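> So I've got this file, model01.cif, and it contains mmCIF, C-alpha atoms:
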data_my_file
#
loop_
_atom_site.label_atom_id
_atom_site.label_comp_id
_atom_site.auth_asym_id
_atom_site.auth_seq_id
_atom_site.Cartn_x
_atom_site.Cartn_y
_atom_site.Cartn_z
CA MET A 1 111.52 103.19 72.87
CA ALA A 2 108.36 101.14 72.51
CA ARG A 3 105.01 102.61 73.43
CA ASN A 4 104.17 102.22 77.11
CA ARG A 5 101.80 99.38 77.86
CA ILE A 6 100.24 97.99 81.00
CA LEU A 7 99.77 94.26 80.62
CA PHE A 8 97.59 92.21 82.94
CA SER A 9 97.37 88.46 82.97
CA THR A 10 93.88 87.00 83.11
CA PRO A 11 92.72 85.96 86.59
CA LEU A 12 91.66 82.34 86.94
CA LEU A 13 88.73 83.23 89.19
CA ALA A 14 85.25 81.83 88.59
CA ALA A 15 82.46 84.25 89.45
CA GLY A 16 80.78 83.77 92.79
CA VAL A 17 83.36 81.40 94.28
CA VAL A 18 84.96 83.75 96.82
CA LEU A 19 83.08 85.05 99.84
CA ALA A 20 80.62 87.82 99.07
CA LEU A 21 82.65 90.15 101.26
CA VAL A 22 85.31 90.32 98.53
CA ILE A 23 82.99 92.44 96.39
CA GLY A 24 83.39 96.07 97.34
CA LEU A 25 86.03 95.27 99.95
CA VAL A 26 89.04 93.52 98.42
CA VAL A 27 88.61 95.34 95.11
CA GLY A 28 88.70 98.68 96.93
CA LYS A 29 91.77 97.76 98.94
CA ALA A 30 93.79 95.64 96.52
CA LEU A 31 96.11 98.55 95.74
CA GLY A 32 96.30 99.68 99.34
CA GLY A 33 93.62 102.33 99.01
CA GLY A 34 90.90 103.24 101.45
CA GLY A 35 87.34 102.09 101.57
CA ALA A 36 84.47 101.54 103.89
CA GLN A 37 85.49 100.67 107.41
CA GLY A 38 83.66 98.57 109.94
CA ASN A 39 82.31 95.06 110.20
CA ALA A 40 82.68 93.84 106.65
CA GLY A 41 83.22 90.16 107.32
CA PRO A 42 80.81 87.44 108.41
CA GLY A 43 80.27 87.07 112.14
CA LYS A 44 81.72 83.60 112.34
CA ALA A 45 85.09 84.92 111.12
CA SER A 46 85.53 86.82 114.37
CA GLY A 47 88.08 85.18 116.64
CA LEU A 48 89.83 83.16 113.95
CA ARG A 49 93.62 83.05 114.11
CA ILE A 50 95.58 83.12 110.87
CA ASP A 51 99.37 83.07 110.51
CA VAL A 52 100.95 84.61 107.42
CA ILE A 53 104.41 83.21 106.69
CA VAL A 54 106.44 84.90 103.93
CA LYS A 55 109.72 84.00 102.27
CA ALA A 56 111.85 86.65 104.00
CA THR A 57 111.21 89.51 106.39
CA ASP A 58 114.05 91.71 105.05
CA SER A 59 112.35 92.48 101.72
CA SER A 60 109.93 95.32 100.98
CA PHE A 61 108.00 92.94 98.73
CA TRP A 62 107.12 90.62 101.60
CA GLN A 63 106.61 93.52 103.99
CA SER A 64 103.92 94.74 101.59
CA MET A 65 102.27 91.33 101.79
CA PHE A 66 102.36 91.71 105.58
CA ALA A 67 100.60 95.07 105.23
CA GLY A 68 97.81 93.58 103.14
CA ALA A 69 97.35 90.73 105.59
CA GLN A 70 97.35 93.10 108.56
CA ARG A 71 94.71 95.29 106.94
CA ALA A 72 92.52 92.28 106.16
CA GLY A 73 92.75 91.19 109.79
CA GLU A 74 91.65 94.64 110.94
CA ASP A 75 88.81 94.82 108.42
CA LEU A 76 87.49 91.34 109.01
CA GLY A 77 88.03 90.93 112.74
CA VAL A 78 90.58 88.12 112.75
CA ASP A 79 93.91 87.76 114.55
CA VAL A 80 96.73 87.77 111.97
CA GLY A 81 100.29 86.79 112.90
CA ARG A 82 103.12 87.80 110.53
CA PHE A 83 106.26 85.68 110.33
CA GLY A 84 109.13 84.70 108.05
CA PRO A 85 112.80 83.77 107.98
CA THR A 86 115.37 86.50 107.45
CA SER A 87 116.50 85.01 104.13
CA GLU A 88 114.69 83.38 101.22
CA THR A 89 117.33 80.64 101.25
CA ASP A 90 116.50 79.58 104.83
CA VAL A 91 114.00 76.81 104.13
CA SER A 92 114.59 75.07 107.46
CA ASP A 93 113.59 78.17 109.43
CA GLN A 94 110.42 78.48 107.38
CA VAL A 95 109.60 74.86 108.20
CA ARG A 96 110.13 75.70 111.88
CA LEU A 97 107.74 78.65 111.61
CA VAL A 98 105.01 76.43 110.14
CA GLU A 99 105.61 73.94 112.96
CA ASN A 100 105.19 76.80 115.45
CA SER A 101 101.86 77.69 113.86
CA ILE A 102 100.73 74.08 114.21
CA SER A 103 101.73 74.10 117.88
CA ARG A 104 99.76 77.29 118.48
CA GLY A 105 96.70 75.70 116.91
CA VAL A 106 95.90 78.47 114.45
CA ASP A 107 92.91 78.10 112.16
CA ALA A 108 94.77 78.74 108.90
CA ILE A 109 98.18 79.51 107.44
CA VAL A 110 98.88 81.74 104.44
CA LEU A 111 102.24 80.56 103.13
CA ALA A 112 104.71 81.88 100.56
CA ALA A 113 106.87 78.77 100.44
CA ASN A 114 110.61 78.98 99.85
CA SER A 115 110.61 75.59 98.14
CA GLU A 116 108.19 73.73 95.92
CA SER A 117 108.71 70.47 97.83
CA ALA A 118 110.74 70.97 101.03
CA LEU A 119 107.70 72.15 103.03
CA ASN A 120 105.38 69.38 101.84
CA LYS A 121 105.60 67.29 104.99
CA VAL A 122 104.95 70.16 107.37
CA ILE A 123 102.07 71.40 105.19
CA ASP A 124 100.60 67.91 105.31
CA ARG A 125 100.93 67.87 109.13
CA ALA A 126 99.18 71.22 109.36
CA ARG A 127 96.25 70.06 107.26
CA GLN A 128 96.03 66.77 109.17
CA SER A 129 95.68 68.92 112.30
CA GLY A 130 92.69 70.69 110.76
CA ILE A 131 94.62 73.83 109.77
CA LYS A 132 93.75 75.25 106.35
CA VAL A 133 96.73 76.19 104.15
CA VAL A 134 96.55 78.83 101.42
CA THR A 135 99.72 79.23 99.34
CA VAL A 136 100.78 82.44 97.62
CA ASP A 137 103.43 83.52 95.08
CA GLY A 138 104.80 80.03 94.36
CA THR A 139 103.06 76.66 94.23
CA VAL A 140 103.92 73.61 96.31
CA SER A 141 103.71 70.00 95.18
CA THR A 142 101.38 68.83 97.93
CA GLN A 143 97.69 69.46 98.48
CA ASN A 144 96.48 72.79 99.89
CA GLU A 145 93.27 74.76 99.92
CA ALA A 146 94.08 77.47 97.36
CA PHE A 147 96.83 79.30 95.50
CA ILE A 148 97.11 83.06 94.87
CA GLY A 149 99.87 84.28 92.62
CA THR A 150 101.07 85.80 89.39
CA ASN A 151 101.32 83.63 86.30
CA ASN A 152 105.10 83.94 86.33
CA LEU A 153 105.52 82.19 83.01
CA ARG A 154 103.35 84.81 81.31
CA ALA A 155 104.94 87.68 83.24
CA GLY A 156 108.39 86.42 82.26
CA GLU A 157 107.29 86.41 78.63
CA GLN A 158 106.30 90.07 79.02
CA ALA A 159 109.80 90.80 80.31
CA GLY A 160 111.41 89.03 77.34
CA GLN A 161 109.23 90.91 74.88
CA ARG A 162 110.03 94.27 76.47
CA LEU A 163 113.78 93.62 76.54
CA CYS A 164 113.58 92.74 72.84
CA GLN A 165 111.86 96.07 72.17
CA LEU A 166 114.48 97.99 74.13
CA VAL A 167 117.42 96.28 72.41
CA THR A 168 115.85 96.73 68.97
CA ALA A 169 115.23 100.42 69.69
CA GLN A 170 118.99 100.83 70.11
CA GLY A 171 119.60 99.38 66.66
CA ARG A 172 121.03 96.07 67.87
CA THR A 173 120.29 93.09 65.68
CA SER A 174 122.14 90.37 67.60
CA GLY A 175 123.91 89.75 70.89
CA ARG A 176 123.74 88.04 74.24
CA VAL A 177 121.72 88.66 77.41
CA LEU A 178 122.46 88.04 81.09
CA LEU A 179 119.69 86.36 83.09
CA GLU A 180 120.32 87.32 86.72
CA ASN A 181 118.25 85.11 89.04
CA ALA A 182 117.99 84.72 92.80
CA VAL A 183 117.57 81.16 94.09
CA ALA A 184 117.70 77.92 92.12
CA GLY A 185 114.82 75.46 92.54
CA VAL A 186 112.11 78.03 93.37
CA GLN A 187 109.07 77.48 91.18
CA ALA A 188 108.12 81.15 90.73
CA LEU A 189 111.66 82.18 89.78
CA GLY A 190 112.06 79.21 87.47
CA ASP A 191 108.83 80.09 85.67
CA ARG A 192 109.96 83.70 85.24
CA ALA A 193 113.24 82.58 83.72
CA LYS A 194 111.51 80.09 81.41
CA GLY A 195 108.93 82.67 80.36
CA PHE A 196 111.65 85.26 79.75
CA ARG A 197 113.54 82.88 77.47
CA GLN A 198 110.32 82.10 75.56
CA GLY A 199 109.34 85.75 75.19
CA LEU A 200 112.82 86.73 74.05
CA ALA A 201 113.08 83.86 71.56
CA ALA A 202 109.67 84.60 70.07
CA SER A 203 110.30 88.34 69.72
CA CYS A 204 114.05 88.50 69.07
CA PRO A 205 115.37 85.07 68.01
CA GLN A 206 118.71 86.68 67.18
CA LEU A 207 119.30 87.37 70.89
CA THR A 208 120.49 84.54 73.13
CA VAL A 209 120.86 84.10 76.88
CA TRP A 210 124.56 84.04 77.74
CA GLN A 211 124.15 82.60 81.25
CA GLU A 212 121.62 82.32 84.04
CA ARG A 213 123.43 83.30 87.24
CA PHE A 214 122.07 82.70 90.77
CA ASN A 215 122.91 85.18 93.53
CA ASN A 216 121.10 83.55 96.51
CA ASN A 217 119.05 86.72 96.87
CA ASP A 218 122.13 88.79 97.76
CA ILE A 219 122.47 92.27 96.23
CA ASN A 220 126.27 92.32 96.41
CA THR A 221 126.53 88.97 94.65
CA ALA A 222 124.14 90.13 91.93
CA ALA A 223 126.22 93.29 91.42
CA ASN A 224 129.46 91.28 91.21
CA GLN A 225 127.96 88.80 88.75
CA THR A 226 126.74 91.67 86.58
CA ASN A 227 130.17 93.30 86.65
CA ASP A 228 131.70 89.96 85.61
CA ALA A 229 129.32 89.77 82.64
CA LEU A 230 130.05 93.35 81.62
CA GLY A 231 133.75 92.49 81.41
CA ALA A 232 133.45 89.01 79.93
CA VAL A 233 130.79 89.46 77.22
CA PRO A 234 131.67 92.09 74.60
CA ASP A 235 128.34 91.60 72.80
CA LEU A 236 126.18 91.88 75.94
CA VAL A 237 123.06 93.79 74.85
CA GLY A 238 120.67 93.46 77.80
CA ILE A 239 119.95 92.08 81.25
CA PHE A 240 116.90 90.53 82.88
CA ALA A 241 116.76 90.42 86.70
CA ALA A 242 114.19 87.97 88.06
CA ASN A 243 113.38 89.62 91.41
CA ASN A 244 113.96 92.81 93.37
CA MET A 245 117.23 91.81 95.03
CA SER A 246 118.62 90.77 91.64
CA GLY A 247 117.35 94.02 90.13
CA ASN A 248 118.98 96.11 92.84
CA GLY A 249 122.34 94.39 92.30
CA VAL A 250 122.15 94.79 88.53
CA ALA A 251 121.21 98.47 88.87
CA ARG A 252 124.17 99.10 91.16
CA ALA A 253 126.59 97.61 88.63
CA ILE A 254 125.00 99.54 85.76
CA LYS A 255 125.35 102.81 87.66
CA ASP A 256 128.92 102.12 88.75
CA THR A 257 130.02 101.39 85.19
CA GLY A 258 128.05 104.20 83.52
CA ARG A 259 126.15 101.82 81.24
CA ALA A 260 122.59 103.06 81.92
CA ALA A 261 122.24 104.72 78.53
CA THR A 262 123.60 101.82 76.50
CA LEU A 263 122.53 98.58 78.22
CA PRO A 264 118.77 97.92 78.63
CA VAL A 265 117.65 96.29 81.88
CA VAL A 266 114.27 94.74 82.68
CA ALA A 267 113.68 93.61 86.27
CA PHE A 268 110.95 92.08 88.39
CA ASP A 269 109.02 93.48 91.38
CA SER A 270 109.54 96.83 93.11
CA ASP A 271 111.03 98.36 96.23
CA PRO A 272 112.46 101.84 96.99
CA GLN A 273 115.84 101.00 95.44
CA GLU A 274 114.36 99.52 92.27
CA ASN A 275 111.97 102.44 91.94
CA ALA A 276 114.89 104.88 92.19
CA ALA A 277 116.75 102.87 89.54
CA LEU A 278 113.68 103.03 87.29
CA ALA A 279 113.54 106.81 87.76
CA ASP A 280 117.24 107.36 86.97
CA GLY A 281 117.34 104.96 84.01
CA SER A 282 119.59 102.24 85.37
CA ILE A 283 116.52 99.98 85.08
CA ASP A 284 114.34 100.51 82.00
CA ALA A 285 111.24 98.54 82.99
CA LEU A 286 109.83 96.66 85.97
CA VAL A 287 107.36 93.79 85.91
CA VAL A 288 105.37 94.67 89.03
CA GLN A 289 103.22 92.30 91.05
CA ASN A 290 100.74 93.13 93.82
CA PRO A 291 102.02 91.62 97.10
CA TYR A 292 99.56 93.75 99.11
CA PHE A 293 96.78 91.88 97.32
CA PHE A 294 98.53 88.56 98.02
CA GLY A 295 98.35 89.32 101.74
CA TYR A 296 94.83 90.70 101.80
CA GLN A 297 93.29 88.05 99.57
CA GLY A 298 95.29 85.33 101.32
CA VAL A 299 93.60 86.19 104.61
CA VAL A 300 90.19 86.45 102.88
CA GLU A 301 90.55 82.97 101.41
CA ALA A 302 91.94 81.57 104.66
CA ILE A 303 88.79 82.83 106.39
CA ALA A 304 86.63 81.33 103.67
CA ALA A 305 88.32 77.94 103.93
CA SER A 306 88.15 77.99 107.73
CA THR A 307 84.42 78.75 107.75
CA GLY A 308 83.50 76.18 105.14
CA ALA A 309 83.06 78.47 102.15
CA LYS A 310 84.36 77.55 98.73
CA VAL A 311 87.52 79.24 97.42
CA PRO A 312 89.03 79.27 93.92
CA LEU A 313 91.79 76.73 93.50
CA SER A 314 93.92 79.35 91.75
CA LEU A 315 93.70 83.13 91.44
CA ASP A 316 96.06 85.30 89.37
CA PRO A 317 95.91 89.06 90.12
CA GLY A 318 98.13 89.83 87.14
CA ALA A 319 101.28 91.88 86.63
CA VAL A 320 101.93 95.41 85.38
CA LEU A 321 104.80 96.58 83.19
CA ALA A 322 106.09 99.89 84.60
CA ASP A 323 108.58 102.29 83.01
CA GLN A 324 109.45 105.98 83.11
CA GLY A 325 106.47 106.75 80.90
CA ASN A 326 103.82 105.42 83.30
CA MET A 327 105.49 105.14 86.72
CA ASN A 328 103.73 108.29 87.95
CA ASP A 329 100.28 107.25 86.75
CA PRO A 330 98.18 106.83 89.94
CA ALA A 331 97.41 103.12 89.52
CA VAL A 332 101.01 102.20 88.66
CA LYS A 333 102.43 104.49 91.35
CA ASP A 334 100.31 102.70 93.96
CA LEU A 335 101.72 99.36 92.86
CA LEU A 336 105.29 100.66 92.93
CA ASN A 337 104.85 102.14 96.41
CA PRO A 338 102.54 99.86 98.42
CA PRO A 339 102.14 100.04 102.20
CA THR A 340 104.51 97.87 104.24
CA ALA A 341 104.41 96.29 107.70
CA GLN A 342 106.92 94.42 109.83
CA ALA A 343 106.79 90.91 111.23
CA SER A 344 104.97 90.25 114.47
CA GLN A 345 107.08 90.53 117.61
#
Take the structure in the file and write it out as structure tokens.

Amino acid sequence: MARNRILFSTPLLAAGVVLALVIGLVVGKALGGGGAQGNAGPGKASGLRIDVIVKATDSSFWQSMFAGAQRAGEDLGVDVGRFGPTSETDVSDQVRLVENSISRGVDAIVLAANSESALNKVIDRARQSGIKVVTVDGTVSTQNEAFIGTNNLRAGEQAGQRLCQLVTAQGRTSGRVLLENAVAGVQALGDRAKGFRQGLAASCPQLTVWQERFNNNDINTAANQTNDALGAVPDLVGIFAANNMSGNGVARAIKDTGRAATLPVVAFDSDPQENAALADGSIDALVVQNPYFFGYQGVVEAIAASTGAKVPLSLDPGAVLADQGNMNDPAVKDLLNPPTAQASQ
């Protein structure tokens, strides 16, 4: 197996652009750790109302973003509401939630949009009402104040490179790979898939993607699609799963068929099920983001935009490649097991 590596993408943050409160505050809390308590934020932030709207409330990934946003609200003295649809495929409900935020007259919205374009009109209405909009995780094709998210193209390339290493370590020189994805038309997922193909082609041109299957973010569907591939593709040599629900479904199929030792799997994100699969070998590596940071920094930049301070147009906190060799290292362990919080009642 290839030597363990932690790979970070380069943040696109210009020095001095974010509020001064980020220094010594966000850095200390970006992994969910402790830090100085008390009145860290500027006085004029007090009383602001910020709604955080994620892609789905049933996922540990988005619950970790809630936890970061909640902590930022406590640290900085702002009222943070936490909302989201129950499914990442429910774009119409996410539009409704943004409309609710407009009706409540919040100062800012931190939004992980379920579509690159379907929320454009409601985002435009929010901004026309004077509400600042900070997007996270995936971009939208209309104007907003700032974007915070992983460079998914680069992170996907990391996944392709690692799968190549794992397949090569087993002595395979050719074969096909399953690309198990969640929802078609989502910018972040599309970039991961594109980056994976590029990383795989550059590192192992003799390996090809058999199919890209979409499971609509359903674990059972992902497991069934993986089982189908296991039966239909005799030269299947590896699998890439583009998010945590896909990874959980793939891991289930790998366990059920006893293929953990012979079929390398690289997946994206983390949650308790994926972490258990990483520990037992049914997943070989995870590309791990920092949703806690998304939530915390999202609120920080929403405050900045609402109080007239400048914010970076784009900020990339990077991604970490976790495997059995480093999953218990303190920094990686914190990323694999971030705090979580539920939606507001």
> Show me, as a list in words, the residues that have an atom within 7 Å of Leu263 of chain A when counting only C-alpha atoms, minus same-chain residues fewer than 3 positions from it.
Val237, Gly238, Arg259 and Ala260 of chain A
> For segment 86-198 of chain A versus segment 55-77 of chain A, which residues have an atom no more than 7 Å away, and what is each residue's nearest atom pair and distance in Å rounded to one decimal, using only C-alpha atoms, chain-then-number order, as a tab-separated table?

residue	atom	partner	partner_atom	distance
A:Thr86	CA	A:Ala56	CA	4.9
A:Ser87	CA	A:Ala56	CA	4.9
A:Glu88	CA	A:Lys55	CA	5.1
A:Ala112	CA	A:Lys55	CA	5.7
A:Ala113	CA	A:Lys55	CA	6.2
A:Asn114	CA	A:Lys55	CA	5.6
> What separation in Å, quoted to one decimal, exists between atom CA of Lys333 of chain A and atom CA of Ala285 of chain A?
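Between atom CA of Lys333 of chain A and atom CA of Ala285 of chain A the gap is 13.5 Å.
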> Residues near Gln128 of chain A, anyone? I mean within 12 Å using all atoms listed in the file, not counting same-chain ones fewer than 6 positions away, as a list in words.
Ile102, Gly105, Lys121, Val122, Gln143 and Asn144 of chain A
> Could you state the separation of atom CA of Val167 of chain A and atom CA of Leu236 of chain A in Å, given to one decimal place?
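Separation between atom CA of Val167 of chain A and atom CA of Leu236 of chain A: 10.4 Å.
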> Can you list what the PyMOL selection byres ((chain A and resi 289) around 10) grabs from this structure, as a ChimeraX atom specification?
/A:8,61,137,149-150,152,155,268-270,286-288,290-294,317-321,335-336
> Would you list the contacts of segment 181-192 of chain A as a PyMOL selection string, taking every protein, DNA or RNA residue within 7 Å and counting all atoms listed in the file, but skipping same-chain residues closer than 4 positions in sequence?
chain A and resi 114-116+137-139+152-153+155-156+196+212-217+241-243+246
> Neighbours of Ala261 of chain A within 12 Å (all atoms listed in the file; same-chain residues fewer than 3 positions away dropped), as a list in words?
Leu166, Val167, Gln170, Val237, Gly238, Ile254, Lys255, Thr257, Gly258, Pro264, Val265, Asp280, Gly281, Ser282, Ile283 and Asp284 of chain A
> For the file shown, what are the residues hit by the PyMOL selection byres ((chain A and resi 249) around 6), laid out as a PDB file with C-alpha atoms, in the frame of the given file?

ATOM      1  CA  ILE A 219     122.470  92.270  96.230  1.00  0.00           C
ATOM      2  CA  ALA A 222     124.140  90.130  91.930  1.00  0.00           C
ATOM      3  CA  ALA A 223     126.220  93.290  91.420  1.00  0.00           C
ATOM      4  CA  SER A 246     118.620  90.770  91.640  1.00  0.00           C
ATOM      5  CA  GLY A 247     117.350  94.020  90.130  1.00  0.00           C
ATOM      6  CA  ASN A 248     118.980  96.110  92.840  1.00  0.00           C
ATOM      7  CA  VAL A 250     122.150  94.790  88.530  1.00  0.00           C
ATOM      8  CA  ALA A 251     121.210  98.470  88.870  1.00  0.00           C
ATOM      9  CA  ARG A 252     124.170  99.100  91.160  1.00  0.00           C
TER      10      ARG A 252
END
> Counting all atoms listed in the file, figure out which residue out of A:Ile109, A:Ser92, A:Val52, A:Arg176 gets nearest to Ala232 of chain A.
A:Arg176
> Name the residues in contact with Phe83 of chain A at a cut-off of 7 Å, using all atoms listed in the file, excluding same-chain residues fewer than 2 positions from it; report them as a ChimeraX atom specification.
/A:52-54,81,343-344
> Calculated over all atoms listed in the file, which of the candidates A:Ile50, A:Gly199, A:Glu145, A:Thr89 has the smallest distance to Arg104 of chain A?
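Of A:Ile50, A:Gly199, A:Glu145, A:Thr89, the one nearest Arg104 of chain A, counting all atoms listed in the file, is A:Ile50.
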> A:Arg197, A:Arg49, A:Arg127, A:Arg162: which is nearest Gln211 of chain A, counting all atoms listed in the file?
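Of the candidates, the smallest distance to Gln211 of chain A is held by A:Arg197.
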